$ cat work_30.csv   # CSV, C-alpha atoms
chain,number,residue,atom,x,y,z
A,929,MET,CA,146.7,93.6,77.3
A,930,ILE,CA,143.8,94.8,79.5
A,931,ARG,CA,141.4,92.4,77.9
A,932,GLY,CA,143.7,89.5,78.5
A,933,ARG,CA,144.2,90.4,82.1
A,934,ARG,CA,140.5,90.7,82.6
A,935,GLU,CA,140.0,87.2,81.1
A,936,THR,CA,142.5,85.8,83.6
A,937,TYR,CA,140.7,87.4,86.5
A,938,GLU,CA,137.3,86.2,85.3
A,939,ARG,CA,138.5,82.7,84.8
A,940,ALA,CA,140.0,82.6,88.3
A,941,TRP,CA,136.7,84.0,89.7
A,942,LEU,CA,134.8,81.3,87.7
A,943,LEU,CA,136.9,78.5,89.2
A,944,LEU,CA,136.5,79.8,92.7
A,945,ALA,CA,132.8,80.1,92.3
A,946,ARG,CA,132.5,76.6,91.0
A,947,ALA,CA,134.5,75.4,94.0
A,948,ILE,CA,132.2,77.2,96.3
A,949,THR,CA,129.2,75.7,94.5
A,950,VAL,CA,130.4,72.2,95.0
A,951,GLY,CA,131.4,72.8,98.6
A,952,SER,CA,128.0,74.4,99.5
A,953,ALA,CA,126.1,71.6,97.8
A,954,TYR,CA,128.0,69.0,99.8
A,955,VAL,CA,127.7,70.7,103.2
A,956,SER,CA,124.0,71.4,102.7
A,957,THR,CA,123.1,67.8,101.9
A,958,GLN,CA,125.6,65.5,103.7
A,959,TYR,CA,123.2,64.8,106.5
A,960,ILE,CA,120.2,64.2,104.2
A,961,PRO,CA,119.3,60.5,104.5
A,962,GLY,CA,118.9,58.5,101.3
A,963,LEU,CA,120.6,57.7,98.1
A,964,THR,CA,123.9,59.4,97.5
A,965,SER,CA,122.4,62.8,98.3
A,966,SER,CA,125.6,64.7,98.3
A,967,PHE,CA,126.6,63.4,94.9
A,968,VAL,CA,123.2,64.3,93.4
A,969,ALA,CA,123.3,67.8,95.0
A,970,ILE,CA,126.8,68.5,93.7
A,971,PHE,CA,126.0,67.3,90.2
A,972,THR,CA,122.7,69.3,89.9
A,973,SER,CA,124.2,72.4,91.5
A,974,LEU,CA,126.9,72.5,88.8
A,975,LEU,CA,124.3,72.2,86.1
A,976,SER,CA,122.2,75.2,87.2
A,977,PHE,CA,125.5,77.1,87.9
A,978,ASP,CA,126.7,76.5,84.3
A,979,LEU,CA,123.3,77.5,82.9
A,980,PHE,CA,123.6,80.8,84.6
A,981,VAL,CA,127.2,81.7,83.6
A,982,ALA,CA,126.3,80.8,80.0
A,983,LEU,CA,123.6,83.5,79.8
A,984,ALA,CA,124.2,86.2,77.2
A,985,ARG,CA,123.8,88.9,79.9
A,986,PRO,CA,123.5,89.0,83.7
A,987,PRO,CA,119.9,88.1,84.7
A,988,LEU,CA,118.8,91.6,85.7
A,989,ARG,CA,115.6,91.7,83.6
A,990,LEU,CA,112.4,89.6,83.9
A,991,ALA,CA,113.0,88.3,80.3
A,992,ASP,CA,116.4,87.0,81.4
A,993,TRP,CA,114.9,85.1,84.3
A,994,GLU,CA,112.2,83.7,82.0
A,995,GLN,CA,114.8,82.5,79.6
A,996,PHE,CA,116.8,80.8,82.4
A,997,PHE,CA,113.8,79.0,83.8
A,998,ALA,CA,112.6,78.0,80.4
A,999,ALA,CA,116.0,76.2,80.0
A,1000,LEU,CA,116.0,74.9,83.5
A,1001,ARG,CA,112.4,73.5,83.7
A,1002,PRO,CA,112.9,70.5,81.3
A,1003,ARG,CA,116.2,69.6,82.9
A,1004,ILE,CA,114.7,69.6,86.4
A,1005,LEU,CA,111.9,67.3,85.2
A,1006,SER,CA,114.2,65.0,83.3
A,1007,THR,CA,116.7,64.8,86.2
A,1008,ALA,CA,113.8,63.8,88.5
A,1009,ILE,CA,112.7,61.2,85.9
A,1010,THR,CA,116.3,59.8,85.6
A,1011,LEU,CA,116.6,59.5,89.4
A,1012,GLY,CA,113.2,58.0,89.6
A,1013,LYS,CA,114.1,55.3,87.1
A,1014,GLY,CA,117.2,54.4,89.1
A,1015,VAL,CA,115.2,54.2,92.3
A,1016,LEU,CA,112.5,52.0,90.6
A,1017,VAL,CA,115.0,49.6,89.1
A,1018,GLY,CA,116.9,49.3,92.4
A,1019,ALA,CA,113.6,48.6,94.3
A,1020,VAL,CA,112.3,46.0,91.8
A,1021,VAL,CA,115.6,44.1,91.5
A,1022,GLY,CA,116.3,44.4,95.3
A,1023,ILE,CA,112.9,42.9,96.1
A,1024,GLY,CA,113.8,40.1,93.6
A,1025,ALA,CA,117.1,39.6,95.5
A,1026,LEU,CA,115.1,39.2,98.8
A,1027,ALA,CA,113.1,36.6,97.0
A,1028,GLY,CA,116.1,34.5,96.1
A,1029,LEU,CA,117.8,36.3,93.1
A,1030,PRO,CA,121.6,35.8,93.3
A,1031,GLN,CA,123.4,38.9,94.5
A,1032,TRP,CA,125.7,39.1,91.5
A,1033,ALA,CA,122.8,38.8,89.1
A,1034,GLY,CA,120.9,41.5,90.9
A,1035,ALA,CA,123.9,43.9,90.7
A,1036,VAL,CA,124.2,43.2,87.0
A,1037,LEU,CA,120.6,43.8,86.3
A,1038,THR,CA,120.4,46.9,88.5
A,1039,SER,CA,123.3,48.7,86.9
A,1040,GLY,CA,122.5,47.6,83.3
A,1041,LEU,CA,118.8,48.3,83.4
A,1042,ALA,CA,119.3,51.7,85.2
A,1043,TYR,CA,121.8,52.7,82.5
A,1044,VAL,CA,119.8,51.6,79.5
A,1045,TRP,CA,116.5,53.1,80.8
A,1046,ALA,CA,118.1,56.5,81.8
A,1047,ALA,CA,120.0,56.8,78.5
A,1048,GLY,CA,116.7,57.3,76.7
A,1049,THR,CA,115.7,60.2,78.9
A,1050,ARG,CA,115.8,63.6,77.2
A,1051,HIS,CA,118.1,66.1,78.9
A,1052,ALA,CA,119.3,63.4,81.3
A,1053,ILE,CA,122.2,64.9,83.2
A,1054,SER,CA,124.0,61.6,83.5
A,1055,THR,CA,123.3,57.9,83.3
A,1056,PHE,CA,125.6,57.5,86.3
A,1057,VAL,CA,123.1,59.2,88.5
A,1058,SER,CA,120.5,56.5,87.7
A,1059,ILE,CA,123.1,53.7,88.1
A,1060,ILE,CA,124.3,54.9,91.5
A,1061,ALA,CA,120.8,55.6,92.7
A,1062,GLY,CA,119.7,52.1,91.7
A,1063,LEU,CA,122.7,50.3,93.1
A,1064,SER,CA,122.5,52.2,96.4
A,1065,LEU,CA,118.9,51.2,97.0
A,1066,TYR,CA,119.6,47.6,95.8
A,1067,GLU,CA,122.4,47.3,98.4
A,1068,ARG,CA,120.3,48.7,101.2
A,1069,LEU,CA,117.6,46.2,100.4
A,1070,LEU,CA,120.1,43.3,100.5
A,1071,GLN,CA,120.7,44.1,104.2
A,1072,LEU,CA,117.1,43.1,104.9
A,1073,ARG,CA,117.7,39.4,103.9
A,1074,GLY,CA,116.9,36.8,106.5
A,1075,GLY,CA,114.0,38.7,108.2
A,1076,GLU,CA,110.4,37.8,108.5
A,1077,THR,CA,108.2,38.5,105.5
A,1078,LEU,CA,106.1,41.2,107.1
A,1079,SER,CA,109.2,42.9,108.5
A,1080,ILE,CA,110.9,42.8,105.1
A,1081,VAL,CA,107.9,44.3,103.4
A,1082,ARG,CA,107.7,47.1,106.0
A,1083,GLU,CA,111.4,47.8,105.9
A,1084,THR,CA,111.5,47.7,102.1
A,1085,LEU,CA,108.8,50.3,101.8
A,1086,ALA,CA,110.5,52.5,104.5
A,1087,VAL,CA,113.9,52.2,102.7
A,1088,ILE,CA,112.4,53.1,99.3
A,1089,GLY,CA,110.5,56.1,100.8
A,1090,LEU,CA,113.4,57.4,102.8
A,1091,SER,CA,115.9,56.9,99.9
A,1092,ALA,CA,113.7,58.5,97.3
A,1093,GLY,CA,112.7,61.4,99.5
A,1094,GLY,CA,116.4,62.1,100.4
A,1095,THR,CA,117.4,61.9,96.8
A,1096,PHE,CA,114.8,64.3,95.5
A,1097,THR,CA,115.5,66.7,98.5
A,1098,ALA,CA,119.1,66.7,97.5
A,1099,LEU,CA,118.1,67.3,93.9
A,1100,ILE,CA,116.1,70.5,94.7
A,1101,THR,CA,118.8,71.7,97.1
A,1102,GLY,CA,121.5,71.3,94.4
A,1103,TRP,CA,119.4,73.3,91.9
A,1104,ALA,CA,118.8,76.1,94.4
A,1105,ILE,CA,122.5,76.4,95.3
A,1106,GLY,CA,123.6,76.5,91.7
A,1107,LEU,CA,121.0,79.1,91.0
A,1108,VAL,CA,122.3,81.4,93.7
A,1109,THR,CA,126.0,81.0,93.1
A,1110,GLY,CA,125.6,81.1,89.3
A,1111,GLY,CA,123.5,84.2,89.4
A,1112,VAL,CA,126.0,86.1,91.6
A,1113,THR,CA,129.0,84.8,89.5
A,1114,ARG,CA,127.4,86.0,86.2
A,1115,LEU,CA,127.1,89.5,87.6
A,1116,PHE,CA,130.9,89.9,87.6
A,1117,LEU,CA,131.6,88.3,84.2
A,1118,SER,CA,131.9,90.5,81.1
A,1119,ARG,CA,130.8,87.7,78.8
A,1120,PRO,CA,129.1,84.3,78.9
A,1121,TYR,CA,131.3,81.3,79.7
A,1122,ARG,CA,130.6,77.6,78.8
A,1123,SER,CA,132.2,74.9,80.9
A,1124,LEU,CA,133.4,72.0,78.8
A,1125,GLN,CA,132.9,69.8,81.8
A,1126,SER,CA,129.1,70.1,81.7
A,1127,ALA,CA,126.3,69.1,79.4
A,1128,ALA,CA,123.8,71.3,81.2
A,1129,TYR,CA,122.9,73.3,78.1
A,1130,ASP,CA,123.5,73.6,74.4
A,1131,LEU,CA,126.0,76.0,72.9
A,1132,PRO,CA,124.5,79.1,71.3
A,1133,LEU,CA,124.2,78.7,67.6
A,1134,GLU,CA,127.1,81.1,66.9
A,1135,MET,CA,129.4,79.0,69.0
A,1136,ARG,CA,128.5,75.6,67.7
A,1137,PRO,CA,130.6,73.7,65.2
A,1138,PHE,CA,129.3,74.2,61.7
A,1139,ASN,CA,128.3,70.6,61.2
A,1140,GLN,CA,126.0,70.9,64.2
A,1141,VAL,CA,124.2,74.0,63.0
A,1142,LEU,CA,123.6,72.9,59.4
A,1143,HIS,CA,122.3,69.4,59.0
A,1144,VAL,CA,123.0,68.6,55.4
A,1145,GLY,CA,122.3,64.9,55.4
A,1146,GLU,CA,124.4,61.9,54.1
A,1147,ARG,CA,124.3,62.9,50.4
A,1148,SER,CA,125.5,66.5,50.8
A,1149,MET,CA,128.5,68.2,52.2
A,1150,VAL,CA,129.8,71.7,52.9
A,1151,VAL,CA,133.2,72.7,51.3
A,1152,SER,CA,135.2,75.8,50.9
A,1153,ALA,CA,137.1,76.6,47.8
A,1154,THR,CA,139.0,79.5,46.1
A,1155,VAL,CA,138.4,80.6,42.5
A,1156,GLU,CA,141.7,80.3,40.7
A,1157,GLU,CA,142.9,82.5,37.8
A,1158,GLY,CA,141.9,80.9,34.6
A,1159,ALA,CA,139.3,78.6,36.1
A,1160,PRO,CA,136.3,77.7,33.9
A,1161,LEU,CA,133.9,79.7,36.1
A,1162,ALA,CA,136.2,82.7,36.8
A,1163,GLY,CA,134.6,85.9,35.6
A,1164,ARG,CA,131.1,84.3,35.1
A,1165,ARG,CA,127.9,85.2,36.9
A,1166,LEU,CA,126.3,82.7,39.2
A,1167,ALA,CA,123.2,82.7,37.1
A,1168,GLU,CA,125.2,81.4,34.1
A,1169,SER,CA,127.7,79.2,36.0
A,1170,GLY,CA,125.5,76.1,36.0
A,1171,LEU,CA,126.6,75.3,39.6
A,1172,LYS,CA,123.1,74.5,40.7
A,1173,GLU,CA,121.8,72.9,37.6
A,1174,GLN,CA,124.8,70.7,36.6
A,1175,TRP,CA,126.6,70.1,39.9
A,1176,GLY,CA,123.8,70.4,42.5
A,1177,THR,CA,125.8,73.2,44.3
A,1178,THR,CA,124.5,76.2,46.2
A,1179,VAL,CA,126.9,79.1,46.9
A,1180,LEU,CA,126.4,80.0,50.6
A,1181,SER,CA,128.8,82.9,50.7
A,1182,ILE,CA,131.5,84.7,48.7
A,1183,LYS,CA,134.3,86.3,50.7
A,1184,ARG,CA,136.3,88.9,48.7
A,1185,GLY,CA,139.0,90.8,50.6
A,1186,GLY,CA,137.5,91.9,53.9
A,1187,ALA,CA,133.9,91.8,52.7
A,1188,GLU,CA,131.6,88.7,52.7
A,1189,THR,CA,128.3,88.3,50.8
A,1190,VAL,CA,126.0,85.7,52.3
A,1191,MET,CA,123.6,83.9,49.9
A,1192,PRO,CA,124.7,85.9,46.9
A,1193,LYS,CA,122.2,86.5,44.1
A,1194,GLY,CA,122.5,85.3,40.5
A,1195,ASP,CA,124.1,88.5,39.2
A,1196,ALA,CA,127.1,88.0,41.5
A,1197,VAL,CA,130.3,87.5,39.5
A,1198,LEU,CA,132.9,84.9,40.5
A,1199,LEU,CA,136.3,86.5,40.4
A,1200,PRO,CA,139.8,85.0,40.9
A,1201,GLY,CA,140.7,84.9,44.5
A,1202,ASP,CA,137.1,84.7,45.8
A,1203,GLN,CA,136.7,82.3,48.7
A,1204,LEU,CA,133.5,80.4,48.4
A,1205,LEU,CA,131.5,78.4,50.9
A,1206,LEU,CA,129.5,75.8,49.0
A,1207,LEU,CA,126.8,73.3,49.8
A,1208,THR,CA,127.2,70.5,47.3
A,1209,GLU,CA,126.3,66.9,46.5
A,1210,ARG,CA,129.0,64.5,47.5
A,1211,GLU,CA,129.0,62.5,44.3
A,1212,LEU,CA,129.4,65.7,42.2
A,1213,SER,CA,131.8,67.5,44.4
A,1214,HIS,CA,135.0,66.6,42.7
A,1215,ALA,CA,133.7,67.5,39.2
A,1216,MET,CA,132.3,70.8,40.6
A,1217,LEU,CA,135.6,71.8,42.3
A,1218,ARG,CA,137.4,71.3,39.0
A,1219,GLN,CA,135.4,74.2,37.6
A,1220,LEU,CA,137.0,76.5,40.2
A,1221,LYS,CA,140.6,75.5,39.5
A,1222,ALA,CA,142.9,76.5,36.7
A,1223,PRO,CA,143.3,73.8,34.0
A,1224,SER,CA,146.4,71.8,34.6
A,1225,PRO,CA,149.0,72.4,31.9
A,1226,GLY,CA,149.2,69.4,29.6
A,1227,PRO,CA,152.4,67.8,28.4
A,1228,ALA,CA,154.4,70.0,26.1
A,1229,PRO,CA,153.9,68.9,22.4
A,1230,ALA,CA,156.8,67.0,21.1
A,1231,GLU,CA,158.9,69.0,18.5
A,1232,SER,CA,158.9,67.6,15.0
A,1233,ALA,CA,162.2,66.3,13.9
A,1234,PRO,CA,163.6,68.3,11.0
A,1235,GLN,CA,162.9,66.6,7.7
A,1236,THR,CA,165.8,65.9,5.5
A,1237,GLY,CA,165.7,64.7,2.0
A,1238,GLU,CA,167.3,65.0,-1.3
A,1239,ASN,CA,166.0,67.6,-3.7
$ encode --input "work_30.csv" --output "structure tokens"
Amino acid sequence: MIRGRRETYERAWLLLARAITVGSAYVSTQYIPGLTSSFVAIFTSLLSFDLFVALARPPLRLADWEQFFAALRPRILSTAITLGKGVLVGAVVGIGALAGLPQWAGAVLTSGLAYVWAAGTRHAISTFVSIIAGLSLYERLLQLRGGETLSIVRETLAVIGLSAGGTFTALITGWAIGLVTGGVTRLFLSRPYRSLQSAAYDLPLEMRPFNQVLHVGERSMVVSATVEEGAPLAGRRLAESGLKEQWGTTVLSIKRGGAETVMPKGDAVLLPGDQLLLLTERELSHAMLRQLKAPSPGPAPAESAPQTGEN
């Protein structure tokens, strides 16, 4: 009861803190000139906020801060790279539009190239950041059409510099706001929380789906099975079961009652009712599983008709 009530309060506190993070990022950057500065600040503030609330413990020790910045550093760099790619695409295509490229073709190229280029960036927070950055700069450059060549060049350089500077200022501001609000929020949480709305960080290993933790390849699979009474392998030791040799199967764990043995040794005995976690080859899986099941009863033998005859 108490734990459930605490969870309710913590989730409400988490929602309030996220709202404050978004609002603070917007207010702090709405007057920064450049490309969609408020959008960039909001997005990056939530990423650093979510990194903080996902920490295993509140960041009170130096090691906690080192762990946080180790996770934050590559994301800051890749966010900057992603935004830079959008700015560069918007600048190049925008200059092409000033030279006579049709407006619709420029919009297609800007959004498409920005998306494709940003999608290959590691830890990229969102391809939409690159797309919006590129399109914003592209549209601003379109406004320079019809001017003198020297004026266009001067204005183009000014727009690119102003837009890029404003975007990266918003980027740093967003990270800083999320760092502060996330750090304070985590102090009042009893456990780490992961927002499903953010891809800011990876789940801890113990929270990931099993198929993300164990990469078994295309030829193997992980299955669970129960040893049935009367199965061919019931009562036999692993060493003599032939699971590995005949069916390419490794027993990862044996769960018996409330106890579980991980990576059991060869002298472990398979008993009826044991729950097994098995890593096996796909092609041999069906044959292997039959060794853990009781034989199906065959059809009852037909009764012989009574013989009659004369003595």
$ atom_distance --input "work_30.csv" --atom1 "atom CA of Leu979 of chain A" --atom2 "atom CA of Val950 of chain A"
15.0 Å
$ atom_distance --input "work_30.csv" --atom1 "atom CA of Ala1046 of chain A" --atom2 "atom CA of Ile1059 of chain A"
8.5 Å
$ atom_distance --input "work_30.csv" --atom1 "atom CA of Gly1163 of chain A" --atom2 "atom CA of Leu1199 of chain A"
5.1 Å
$ axis_aligned_box --input "work_30.csv" --around "segment 1212-1226 of chain A" --padding-each-side "5 Å" --output "lines of an AutoDock Vina configuration file"
center_x = 139.3
center_y = 71.1
center_z = 37.0
size_x = 29.8
size_y = 20.8
size_z = 24.8
$ residues_near_point --input "work_30.csv" --point "(123.2, 47.3, 94.7)" --cutoff "8 Å" --atoms "only C-alpha atoms" --output "list of chain:residue names"
A:Gly1018, A:Gly1022, A:Gly1034, A:Ala1035, A:Thr1038, A:Ser1039, A:Gly1062, A:Leu1063, A:Ser1064, A:Leu1065, A:Tyr1066, A:Glu1067, A:Arg1068, A:Leu1070
